[in-house]
file model-v1.pdb (PDB, C-alpha atoms and all ligand atoms)
ATOM      1  CA  MET A   1      19.979   4.746  20.251
ATOM      2  CA  ALA A   2      18.251   5.999  17.135
ATOM      3  CA  LYS A   3      14.642   6.971  17.590
ATOM      4  CA  ARG A   4      11.897   4.753  16.312
ATOM      5  CA  ASN A   5       9.761   6.120  13.543
ATOM      6  CA  ARG A   6       6.527   5.271  15.219
ATOM      7  CA  ARG A   7       5.287   4.135  18.610
ATOM      8  CA  GLU A   8       3.420   0.833  18.640
ATOM      9  CA  ASP A   9       0.573   2.350  20.672
ATOM     10  CA  GLU A  10       0.081   5.140  18.145
ATOM     11  CA  VAL A  11      -2.923   3.603  16.403
ATOM     12  CA  ASP A  12      -5.587   5.842  14.879
ATOM     13  CA  VAL A  13      -7.232   3.332  12.574
ATOM     14  CA  PRO A  14     -10.932   2.506  13.001
ATOM     15  CA  VAL A  15     -11.714  -1.180  13.472
ATOM     16  CA  ASP A  16     -14.792  -1.410  11.226
ATOM     17  CA  ILE A  17     -13.074  -1.631   7.820
ATOM     18  CA  ASP A  18     -15.245  -3.041   5.003
ATOM     19  CA  TRP A  19     -12.666  -5.481   3.609
ATOM     20  CA  ASP A  20     -15.121  -6.954   1.073
ATOM     21  CA  GLU A  21     -15.654  -3.502  -0.424
ATOM     22  CA  LEU A  22     -11.907  -2.842  -0.553
ATOM     23  CA  ARG A  23     -11.172  -6.238  -2.133
ATOM     24  CA  ALA A  24     -13.880  -5.595  -4.759
ATOM     25  CA  ALA A  25     -12.282  -2.220  -5.565
ATOM     26  CA  ALA A  26      -8.870  -3.887  -5.867
ATOM     27  CA  THR A  27     -10.301  -6.585  -8.150
ATOM     28  CA  GLU A  28     -11.911  -3.938 -10.362
ATOM     29  CA  ALA A  29      -8.531  -2.164 -10.608
ATOM     30  CA  MET A  30      -6.775  -5.459 -11.434
ATOM     31  CA  GLU A  31      -8.999  -5.815 -14.494
ATOM     32  CA  ARG A  32      -7.441  -2.622 -15.906
ATOM     33  CA  ALA A  33      -3.837  -3.765 -15.388
ATOM     34  CA  TYR A  34      -1.361  -3.630 -18.283
ATOM     35  CA  ALA A  35       0.707  -6.778 -17.759
ATOM     36  CA  PRO A  36       1.516  -8.252 -21.206
ATOM     37  CA  TYR A  37       4.958  -9.535 -20.095
ATOM     38  CA  SER A  38       4.351 -11.309 -16.800
ATOM     39  CA  ARG A  39       0.621 -11.802 -17.425
ATOM     40  CA  TYR A  40       0.343 -11.292 -13.669
ATOM     41  CA  ARG A  41      -2.258  -8.598 -13.179
ATOM     42  CA  VAL A  42      -2.406  -6.795  -9.829
ATOM     43  CA  GLY A  43      -4.989  -4.419  -8.437
ATOM     44  CA  ALA A  44      -4.694  -2.393  -5.255
ATOM     45  CA  ALA A  45      -7.228  -0.417  -3.248
ATOM     46  CA  ALA A  46      -7.041   1.644  -0.098
ATOM     47  CA  LEU A  47      -9.329   3.493   2.243
ATOM     48  CA  VAL A  48      -8.121   7.062   2.811
ATOM     49  CA  SER A  49      -8.468   9.061   6.037
ATOM     50  CA  ASP A  50     -11.343  11.150   4.612
ATOM     51  CA  GLY A  51     -13.315   8.031   3.652
ATOM     52  CA  ARG A  52     -12.644   7.867  -0.061
ATOM     53  CA  ILE A  53     -11.405   4.699  -1.760
ATOM     54  CA  ILE A  54      -8.492   4.880  -4.181
ATOM     55  CA  GLN A  55      -7.213   2.259  -6.617
ATOM     56  CA  GLY A  56      -4.192   1.349  -8.717
ATOM     57  CA  CYS A  57      -3.123  -1.338 -11.184
ATOM     58  CA  ASN A  58       0.264  -2.552 -12.373
ATOM     59  CA  VAL A  59       1.611  -1.111 -15.619
ATOM     60  CA  GLU A  60       4.452  -3.069 -17.199
ATOM     61  CA  ASN A  61       6.986  -1.920 -19.767
ATOM     62  CA  ALA A  62       9.013  -3.495 -22.579
ATOM     63  CA  SER A  63      12.011  -2.381 -20.511
ATOM     64  CA  TYR A  64      10.972  -4.743 -17.724
ATOM     65  CA  GLY A  65      12.614  -2.905 -14.821
ATOM     66  CA  VAL A  66      10.549   0.184 -15.551
ATOM     67  CA  THR A  67       7.369  -1.648 -14.535
ATOM     68  CA  LEU A  68       5.097   0.201 -12.137
ATOM     69  CA  CYS A  69       3.518  -1.868  -9.395
ATOM     70  CA  ALA A  70      -0.160  -1.345  -8.648
ATOM     71  CA  GLU A  71       0.823   0.486  -5.463
ATOM     72  CA  CYS A  72       2.648   3.149  -7.498
ATOM     73  CA  GLY A  73      -0.552   4.040  -9.317
ATOM     74  CA  LEU A  74      -2.449   3.993  -6.045
ATOM     75  CA  VAL A  75      -0.078   6.437  -4.353
ATOM     76  CA  SER A  76      -0.216   8.724  -7.369
ATOM     77  CA  GLU A  77      -4.015   8.588  -7.190
ATOM     78  CA  LEU A  78      -3.822   9.416  -3.460
ATOM     79  CA  HIS A  79      -2.129  12.703  -4.235
ATOM     80  CA  MET A  80      -4.057  13.449  -7.423
ATOM     81  CA  SER A  81      -7.381  13.071  -5.629
ATOM     82  CA  GLY A  82      -6.639  15.260  -2.629
ATOM     83  CA  GLY A  83      -3.950  13.649  -0.441
ATOM     84  CA  GLY A  84      -4.566  12.266   3.029
ATOM     85  CA  GLN A  85      -3.303   9.162   4.756
ATOM     86  CA  LEU A  86      -3.874   5.484   4.039
ATOM     87  CA  VAL A  87      -6.097   3.761   6.599
ATOM     88  CA  ALA A  88      -6.507   0.281   5.109
ATOM     89  CA  PHE A  89      -5.027  -1.459   2.056
ATOM     90  CA  VAL A  90      -5.416  -4.622   0.041
ATOM     91  CA  CYS A  91      -3.951  -5.886  -3.233
ATOM     92  CA  VAL A  92      -5.085  -8.833  -5.329
ATOM     93  CA  ASN A  93      -3.896 -10.976  -8.238
ATOM     94  CA  ASN A  94      -5.598 -12.155 -11.452
ATOM     95  CA  ASP A  95      -7.926 -14.412  -9.502
ATOM     96  CA  GLY A  96      -8.933 -11.722  -7.025
ATOM     97  CA  GLU A  97      -6.861 -13.438  -4.325
ATOM     98  CA  THR A  98      -5.169 -11.292  -1.735
ATOM     99  CA  ILE A  99      -1.398 -11.021  -2.229
ATOM    100  CA  MET A 100       1.395  -9.358  -0.299
ATOM    101  CA  PRO A 101       2.714  -5.999  -1.476
ATOM    102  CA  CYS A 102       6.349  -6.378  -2.531
ATOM    103  CA  GLY A 103       9.072  -5.012  -0.261
ATOM    104  CA  ARG A 104       9.546  -1.827  -2.251
ATOM    105  CA  CYS A 105       5.833  -1.137  -2.143
ATOM    106  CA  ARG A 106       5.630  -1.684   1.615
ATOM    107  CA  GLN A 107       8.102   1.194   1.864
ATOM    108  CA  LEU A 108       6.024   3.223  -0.574
ATOM    109  CA  LEU A 109       2.872   2.633   1.489
ATOM    110  CA  TYR A 110       4.643   3.351   4.802
ATOM    111  CA  GLU A 111       5.379   6.928   3.745
ATOM    112  CA  HIS A 112       1.648   7.633   3.381
ATOM    113  CA  ALA A 113       0.257   5.409   6.134
ATOM    114  CA  LEU A 114      -1.866   6.586   9.011
ATOM    115  CA  PRO A 115      -0.190   5.234  12.180
ATOM    116  CA  GLY A 116      -1.509   1.699  12.625
ATOM    117  CA  MET A 117      -2.628   1.397   8.992
ATOM    118  CA  LEU A 118      -4.102  -2.041   8.346
ATOM    119  CA  LEU A 119      -3.424  -4.411   5.453
ATOM    120  CA  GLU A 120      -5.295  -7.534   4.510
ATOM    121  CA  THR A 121      -2.521 -10.073   3.969
ATOM    122  CA  VAL A 122      -2.097 -13.784   3.232
ATOM    123  CA  SER A 123      -1.817 -14.317   6.990
ATOM    124  CA  GLY A 124      -4.730 -12.124   8.048
ATOM    125  CA  ILE A 125      -5.088  -8.462   8.983
ATOM    126  CA  ARG A 126      -1.719  -6.899   9.828
ATOM    127  CA  THR A 127      -0.474  -3.415  10.620
ATOM    128  CA  ILE A 128       2.004  -1.588   8.428
ATOM    129  CA  ASP A 129       4.545  -1.907  11.262
ATOM    130  CA  GLU A 130       4.149  -5.685  11.241
ATOM    131  CA  VAL A 131       4.844  -5.984   7.517
ATOM    132  CA  LEU A 132       7.681  -3.404   7.587
ATOM    133  CA  PRO A 133       9.241  -3.524  11.065
ATOM    134  CA  ASP A 134      11.588  -0.754  12.164
ATOM    135  CA  ALA A 135      10.997   1.046   8.905
ATOM    136  CA  PHE A 136      13.180   3.828   7.628
ATOM    137  CA  GLY A 137      10.915   6.829   7.206
ATOM    138  CA  PRO A 138      10.444  10.597   7.139
ATOM    139  CA  ARG A 139      11.435  10.999  10.800
ATOM    140  CA  ASP A 140      14.898   9.639  10.053
ATOM    141  CA  LEU A 141      15.495  12.705   7.879
ATOM    142  CA  GLU A 142      14.123  15.286  10.300
ATOM    143  CA  GLU A 143      17.395  16.317  11.942
ATOM    144  CA  VAL A 144      19.605  16.353   8.906
ATOM    145  CA  ALA A 145      21.440  19.671   8.559
ATOM    146  CA  ARG A 146      20.385  21.193   5.280
TER     147      ARG A 146
HETATM  148  N1  LIG B   1       3.379  -6.350  -8.711
HETATM  149  C1  LIG B   1       2.603  -5.344  -8.204
HETATM  150  O1  LIG B   1       1.914  -4.627  -8.951
HETATM  151  N2  LIG B   1       2.615  -5.133  -6.864
HETATM  152  C2  LIG B   1       3.271  -5.913  -5.962
HETATM  153  O2  LIG B   1       3.295  -5.595  -4.777
HETATM  154  C3  LIG B   1       3.906  -7.153  -6.425
HETATM  155  C4  LIG B   1       4.217  -7.199  -7.874
HETATM  156  C5  LIG B   1       3.402  -6.557 -10.169
HETATM  157  C6  LIG B   1       4.665  -6.096 -10.837
HETATM  158  C7  LIG B   1       4.659  -6.936 -12.101
HETATM  159  O3  LIG B   1       3.924  -6.256 -13.094
HETATM  160  C8  LIG B   1       3.914  -8.201 -11.716
HETATM  161  O4  LIG B   1       3.282  -7.938 -10.482
HETATM  162  C9  LIG B   1       4.798  -9.421 -11.563
HETATM  163  O5  LIG B   1       5.838  -9.161 -10.686
END
call {"tool": "encode", "arguments": {"input": "model-v1.pdb", "output": "structure tokens"}}
result
Amino acid sequence: MAKRNRREDEVDVPVDIDWDELRAAATEAMERAYAPYSRYRVGAAALVSDGRIIQGCNVENASYGVTLCAECGLVSELHMSGGGQLVAFVCVNNDGETIMPCGRCRQLLYEHALPGMLLETVSGIRTIDEVLPDAFGPRDLEEVAR
């Protein structure tokens, strides 16, 4: 059987996440979104393993499919500001309400997640493995002959 990418008991995330602070950072990011086509502004924020908070907003395009989700900007900011792993994540809509990251963005987040990374979701606090079970990830590529 193929190996799993991550063991369920491999959880390094601290329990005392300040979700209000993260949601406020996501809401601030949402206010900078460029969403003239859908008019659906999204802001994302994450706590990084070294304690910093990073943000991202969606950036749409006249060629609709080129649109960048808020999570894309966030992951770029992760690398631009020093790297590390994502500990906790939330994204919000125009009204500052928590929304689910789209499927593509769950994959994007998974790549950079600390094992056991937490997300605030519409159904409460969940782990990255709960919102993207049996994910395809970096470990699947480890034994490929190059
Ligand atoms: N959007 C995000 O930024 N992140 C998500 O996880 C869901 C969708 C954006 C893309 C588009 O600009 C708008 O929301 C409507 O789909």
call {"tool": "axis_aligned_box", "arguments": {"input": "model-v1.pdb", "around": "ligand LIG 1 (chain B)", "padding_each_side": "6 Å", "output": "lines of an AutoDock Vina configuration file"}}
result
center_x = 3.9
center_y = -7.0
center_z = -8.9
size_x = 15.9
size_y = 16.8
size_z = 20.3
call {"tool": "residues_near_point", "arguments": {"input": "model-v1.pdb", "point": "(7.1, 14.9, 10.2)", "cutoff": "12 Å", "atoms": "all atoms listed in the file", "output": "ChimeraX atom specification"}}
result
/A:5-6,111-112,137-143
call {"tool": "atom_distance", "arguments": {"input": "model-v1.pdb", "atom1": "atom C1 of ligand LIG 1 (chain B)", "atom2": "CA of Gly82 (chain A)"}}
result
23.3 Å
call {"tool": "closest_atom_pairs", "arguments": {"input": "model-v1.pdb", "of": "chain A", "to": "ligand LIG 1 (chain B)", "cutoff": "8 Å", "atoms": "only C-alpha atoms and all ligand atoms", "output": "tab-separated table"}}
result
residue	atom	partner	partner_atom	distance
A:Tyr34	CA	B:LIG1	O3	7.9
A:Ala35	CA	B:LIG1	O3	5.7
A:Tyr37	CA	B:LIG1	O3	7.8
A:Ser38	CA	B:LIG1	C9	5.6
A:Arg39	CA	B:LIG1	C8	7.5
A:Tyr40	CA	B:LIG1	C8	5.1
A:Arg41	CA	B:LIG1	O4	6.2
A:Val42	CA	B:LIG1	O1	4.9
A:Gly43	CA	B:LIG1	O1	6.9
A:Ala44	CA	B:LIG1	O1	7.9
A:Cys57	CA	B:LIG1	O1	6.4
A:Asn58	CA	B:LIG1	O1	4.3
A:Val59	CA	B:LIG1	O3	6.2
A:Glu60	CA	B:LIG1	O3	5.2
A:Thr67	CA	B:LIG1	O3	5.9
A:Leu68	CA	B:LIG1	C6	6.4
A:Cys69	CA	B:LIG1	O1	3.2
A:Ala70	CA	B:LIG1	O1	3.9
A:Glu71	CA	B:LIG1	N2	6.1
A:Cys72	CA	B:LIG1	O1	7.9
A:Cys91	CA	B:LIG1	O2	7.4
A:Ile99	CA	B:LIG1	O2	7.6
A:Met100	CA	B:LIG1	O2	6.2
A:Pro101	CA	B:LIG1	O2	3.4
A:Cys102	CA	B:LIG1	O2	3.9
A:Gly103	CA	B:LIG1	O2	7.4
A:Arg104	CA	B:LIG1	O2	7.7
A:Cys105	CA	B:LIG1	O2	5.8
A:Arg106	CA	B:LIG1	O2	7.8
call {"tool": "atom_distance", "arguments": {"input": "model-v1.pdb", "atom1": "CA of Tyr110 (chain A)", "atom2": "CA of Gly96 (chain A)"}}
result
23.5 Å
call {"tool": "residues_near_point", "arguments": {"input": "model-v1.pdb", "point": "(-8.5, -9.3, -8.9)", "cutoff": "8 Å", "atoms": "only C-alpha atoms", "output": "list of chain:residue names"}}
result
A:Arg23, A:Ala24, A:Ala26, A:Thr27, A:Glu28, A:Ala29, A:Met30, A:Glu31, A:Arg41, A:Val42, A:Gly43, A:Val92, A:Asn93, A:Asn94, A:Asp95, A:Gly96, A:Glu97
call {"tool": "atom_distance", "arguments": {"input": "model-v1.pdb", "atom1": "CA of Gly56 (chain A)", "atom2": "CA of Gln107 (chain A)"}}
result
16.2 Å
call {"tool": "residues_around", "arguments": {"input": "model-v1.pdb", "residues": "Phe89 (chain A)", "least_positions_apart": "3", "cutoff": "10 Å", "atoms": "only C-alpha atoms", "output": "PyMOL selection string"}}
result
chain A and resi 17+19+22-23+26+44-48+53-55+71+86+101+109+113+117-121+125+127-128
call {"tool": "closest_residue", "arguments": {"input": "model-v1.pdb", "among": "A:Val131, A:Pro115, A:Arg126, A:Ala25", "to": "Leu74 (chain A)", "atoms": "only C-alpha atoms"}}
result
A:Ala25
